[in-house]
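Note sheet for the following structure.
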Amino acid sequence: MTASLRLLGALALLLTGGAVSAILTKEKAREREELREWIRFFERLYEEIGCRLSPPEELFCTLRLPRLEEAGFLPALREGRFFSEAYRACEERLAAGERTKEILSDFASGFGGGFREEELARAKQVVTALTAIYEGERVAFSREIRLRRVLPVSAAVALTLLLL
């Protein structure tokens, strides 16, 4: 009876380690995907400010970025909210890292208060900064994903060996 309980406990530990690994990996991948969507968003914003000057409702109607939709950012913009209001409303639901959130918050606090050239320069700065973060994290991302996959499972295996 004790041996079967130990095996059951060992199996539970391994399954838990695998589940934790999957959750951590998915969370990091979501953060990276969201960062890429923010870059696309600001590239589109830059293009609109520079070329077309479409009304906000039209600009964001055709934009499809699933992570920003889920967070509530794009729906808030489509409702006619200002950029800063939409960002504040969804900030808690974003998977973005602290540096990314800082850049977005800085942009949100001053967007719409300047002339066209100033807004273009600010949007371009955001694209450059977010792209630098995205590119800079490329190697670190793959390492961190491997670590998030291996560490919980390894810990579960070690605990299992101690149990047996």
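By order in the structure tokens, chains are A, B, ...; within a chain, residues start at 1; ligands start at 1, following the order shown.
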
Would you list the contacts of Thr128 in chain A as a list in words, taking every protein, DNA or RNA residue within 12 Å and counting only C-alpha atoms, but skipping same-chain residues closer than 4 positions in sequence?
-> Trp38, Ile39, Arg40, Phe42, Glu43, Tyr46, Thr100, Ile103, Ala121, Arg122, Ala123, Lys124, Ala132, Ile133, Tyr134, Glu135 and Gly136 of chain A

Go ahead and save the residues from that selection, with N, CA and C atoms, as a PDB file, in the first residue's frame.
```
ATOM      1  N   TRP A  38       2.227  45.210 -30.276  1.00  0.00           N
ATOM      2  CA  TRP A  38       2.399  46.635 -29.987  1.00  0.00           C
ATOM      3  C   TRP A  38       3.258  47.298 -31.061  1.00  0.00           C
ATOM      4  N   ILE A  39       4.282  46.603 -31.506  1.00  0.00           N
ATOM      5  CA  ILE A  39       5.129  47.155 -32.575  1.00  0.00           C
ATOM      6  C   ILE A  39       4.278  47.373 -33.826  1.00  0.00           C
ATOM      7  N   ARG A  40       3.478  46.377 -34.203  1.00  0.00           N
ATOM      8  CA  ARG A  40       2.586  46.519 -35.372  1.00  0.00           C
ATOM      9  C   ARG A  40       1.611  47.674 -35.193  1.00  0.00           C
ATOM     10  N   PHE A  42       1.984  50.448 -33.400  1.00  0.00           N
ATOM     11  CA  PHE A  42       2.651  51.744 -33.531  1.00  0.00           C
ATOM     12  C   PHE A  42       3.160  51.986 -34.952  1.00  0.00           C
ATOM     13  N   GLU A  43       3.515  50.936 -35.663  1.00  0.00           N
ATOM     14  CA  GLU A  43       3.874  51.118 -37.076  1.00  0.00           C
ATOM     15  C   GLU A  43       2.658  51.618 -37.852  1.00  0.00           C
ATOM     16  N   TYR A  46       1.954  55.245 -36.869  1.00  0.00           N
ATOM     17  CA  TYR A  46       2.913  56.125 -37.535  1.00  0.00           C
ATOM     18  C   TYR A  46       2.493  56.366 -38.988  1.00  0.00           C
ATOM     19  N   THR A 100       8.422  47.604 -21.363  1.00  0.00           N
ATOM     20  CA  THR A 100       7.432  47.861 -22.411  1.00  0.00           C
ATOM     21  C   THR A 100       6.292  48.709 -21.852  1.00  0.00           C
ATOM     22  N   ILE A 103       7.324  52.345 -21.504  1.00  0.00           N
ATOM     23  CA  ILE A 103       7.337  53.041 -22.800  1.00  0.00           C
ATOM     24  C   ILE A 103       5.914  53.384 -23.225  1.00  0.00           C
ATOM     25  N   ALA A 121       7.264  61.791 -34.568  1.00  0.00           N
ATOM     26  CA  ALA A 121       8.553  61.499 -33.934  1.00  0.00           C
ATOM     27  C   ALA A 121       8.356  60.603 -32.708  1.00  0.00           C
ATOM     28  N   ARG A 122       7.333  60.888 -31.918  1.00  0.00           N
ATOM     29  CA  ARG A 122       7.072  60.061 -30.729  1.00  0.00           C
ATOM     30  C   ARG A 122       6.686  58.642 -31.119  1.00  0.00           C
ATOM     31  N   ALA A 123       5.835  58.496 -32.132  1.00  0.00           N
ATOM     32  CA  ALA A 123       5.429  57.149 -32.577  1.00  0.00           C
ATOM     33  C   ALA A 123       6.635  56.388 -33.112  1.00  0.00           C
ATOM     34  N   LYS A 124       7.487  57.062 -33.853  1.00  0.00           N
ATOM     35  CA  LYS A 124       8.698  56.425 -34.391  1.00  0.00           C
ATOM     36  C   LYS A 124       9.623  55.998 -33.254  1.00  0.00           C
ATOM     37  N   ALA A 132      13.748  47.371 -30.371  1.00  0.00           N
ATOM     38  CA  ALA A 132      15.017  47.080 -29.687  1.00  0.00           C
ATOM     39  C   ALA A 132      14.802  46.072 -28.555  1.00  0.00           C
ATOM     40  N   ILE A 133      13.719  46.230 -27.817  1.00  0.00           N
ATOM     41  CA  ILE A 133      13.405  45.269 -26.754  1.00  0.00           C
ATOM     42  C   ILE A 133      13.140  43.900 -27.363  1.00  0.00           C
ATOM     43  N   TYR A 134      12.356  43.866 -28.424  1.00  0.00           N
ATOM     44  CA  TYR A 134      11.999  42.602 -29.087  1.00  0.00           C
ATOM     45  C   TYR A 134      13.247  41.877 -29.594  1.00  0.00           C
ATOM     46  N   GLU A 135      14.101  42.610 -30.280  1.00  0.00           N
ATOM     47  CA  GLU A 135      15.326  42.015 -30.821  1.00  0.00           C
ATOM     48  C   GLU A 135      16.297  41.626 -29.713  1.00  0.00           C
ATOM     49  N   GLY A 136      16.388  42.473 -28.697  1.00  0.00           N
ATOM     50  CA  GLY A 136      17.301  42.202 -27.590  1.00  0.00           C
ATOM     51  C   GLY A 136      16.905  40.973 -26.787  1.00  0.00           C
TER      52      GLY A 136
END
```

Please report, as a PyMOL selection string, each residue of range 32-153 of chain A to which DSSP assigns alpha helix (DSSP H) when run on this structure's backbone.
-> chain A and resi 32-47+56-61+66-71+73-78+83-90+98-110+116-153

Please, could you write that set of residues out with C-alpha atoms as a compact mmCIF listing (two decimals), in the first residue's frame?
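Okay, this is what ended up in again.txt:
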```txt
# COMPACT_ATOMS: atom_id res chain seq x y z
CA ARG A 32 6.55 38.17 -26.64
CA GLU A 33 3.58 37.94 -28.98
CA GLU A 34 1.96 40.95 -27.34
CA LEU A 35 5.16 42.96 -27.74
CA ARG A 36 5.13 42.17 -31.46
CA GLU A 37 1.52 43.35 -31.68
CA TRP A 38 2.40 46.64 -29.99
CA ILE A 39 5.13 47.15 -32.58
CA ARG A 40 2.59 46.52 -35.37
CA PHE A 41 0.14 48.88 -33.70
CA PHE A 42 2.65 51.74 -33.53
CA GLU A 43 3.87 51.12 -37.08
CA ARG A 44 0.28 51.48 -38.23
CA LEU A 45 -0.24 54.56 -36.07
CA TYR A 46 2.91 56.13 -37.53
CA GLU A 47 1.68 55.40 -41.04
CA PRO A 56 -9.53 57.21 -34.85
CA GLU A 57 -12.72 55.19 -35.34
CA GLU A 58 -11.70 54.35 -38.92
CA LEU A 59 -8.07 53.74 -38.06
CA PHE A 60 -8.78 51.06 -35.49
CA CYS A 61 -11.76 49.39 -37.19
CA PRO A 66 -5.71 39.45 -30.95
CA ARG A 67 -3.70 40.16 -27.79
CA LEU A 68 -4.61 43.85 -27.78
CA GLU A 69 -8.24 42.88 -28.44
CA GLU A 70 -8.23 40.49 -25.46
CA ALA A 71 -6.73 43.11 -23.19
CA PHE A 73 -7.24 48.16 -25.67
CA LEU A 74 -8.50 48.16 -29.26
CA PRO A 75 -12.19 47.85 -28.29
CA ALA A 76 -11.75 50.89 -26.01
CA LEU A 77 -10.22 52.88 -28.88
CA ARG A 78 -13.07 51.86 -31.17
CA PHE A 83 -5.33 56.60 -26.18
CA SER A 84 -4.40 57.30 -22.56
CA GLU A 85 -7.84 56.20 -21.28
CA ALA A 86 -7.77 53.01 -23.36
CA TYR A 87 -4.28 52.18 -22.16
CA ARG A 88 -5.09 52.78 -18.49
CA ALA A 89 -8.22 50.64 -18.82
CA CYS A 90 -6.28 47.62 -20.11
CA GLU A 98 7.86 46.36 -17.19
CA ARG A 99 10.08 48.21 -19.70
CA THR A 100 7.43 47.86 -22.41
CA LYS A 101 4.71 49.12 -20.06
CA GLU A 102 6.89 52.08 -19.13
CA ILE A 103 7.34 53.04 -22.80
CA LEU A 104 3.61 52.65 -23.48
CA SER A 105 2.67 54.67 -20.42
CA ASP A 106 5.02 57.49 -21.40
CA PHE A 107 3.52 57.58 -24.88
CA ALA A 108 -0.05 57.42 -23.56
CA SER A 109 0.48 60.32 -21.20
CA GLY A 110 1.33 62.77 -23.97
CA ARG A 116 1.75 66.24 -36.39
CA GLU A 117 5.56 66.18 -36.64
CA GLU A 118 5.92 65.77 -32.88
CA GLU A 119 3.43 62.89 -32.82
CA LEU A 120 5.23 61.24 -35.75
CA ALA A 121 8.55 61.50 -33.93
CA ARG A 122 7.07 60.06 -30.73
CA ALA A 123 5.43 57.15 -32.58
CA LYS A 124 8.70 56.43 -34.39
CA GLN A 125 10.59 56.48 -31.06
CA VAL A 126 8.15 53.95 -29.61
CA VAL A 127 8.54 51.65 -32.63
CA THR A 128 12.32 51.89 -32.32
CA ALA A 129 12.33 51.27 -28.56
CA LEU A 130 9.89 48.33 -28.72
CA THR A 131 11.77 46.79 -31.65
CA ALA A 132 15.02 47.08 -29.69
CA ILE A 133 13.40 45.27 -26.75
CA TYR A 134 12.00 42.60 -29.09
CA GLU A 135 15.33 42.01 -30.82
CA GLY A 136 17.30 42.20 -27.59
CA GLU A 137 15.13 39.54 -26.00
CA ARG A 138 15.43 37.11 -28.91
CA VAL A 139 18.29 35.05 -27.44
CA ALA A 140 17.16 35.55 -23.85
CA PHE A 141 13.66 34.44 -24.83
CA SER A 142 14.77 31.09 -26.20
CA ARG A 143 16.95 30.49 -23.13
CA GLU A 144 14.16 31.45 -20.76
CA ILE A 145 11.66 29.21 -22.56
CA ARG A 146 14.04 26.27 -22.25
CA LEU A 147 14.55 27.05 -18.59
CA ARG A 148 10.80 27.34 -17.99
CA ARG A 149 10.28 23.98 -19.67
CA VAL A 150 13.06 22.09 -17.92
CA LEU A 151 13.19 23.52 -14.41
CA PRO A 152 9.73 22.51 -13.08
CA VAL A 153 9.99 19.04 -14.59
```

Could you check how far CA of Lys26 in chain A sits from CA of Ala96 in chain A, in Å to one decimal?
-> 13.2 Å

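One distance worth recording is that between CA of Gly50 in chain A and CA of Glu79 in chain A, which is 23.1 Å.
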
CA of Arg64 in chain A and CA of Ile49 in chain A, how far apart in Å?
->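 Interatomic distance here is 18.4 Å.
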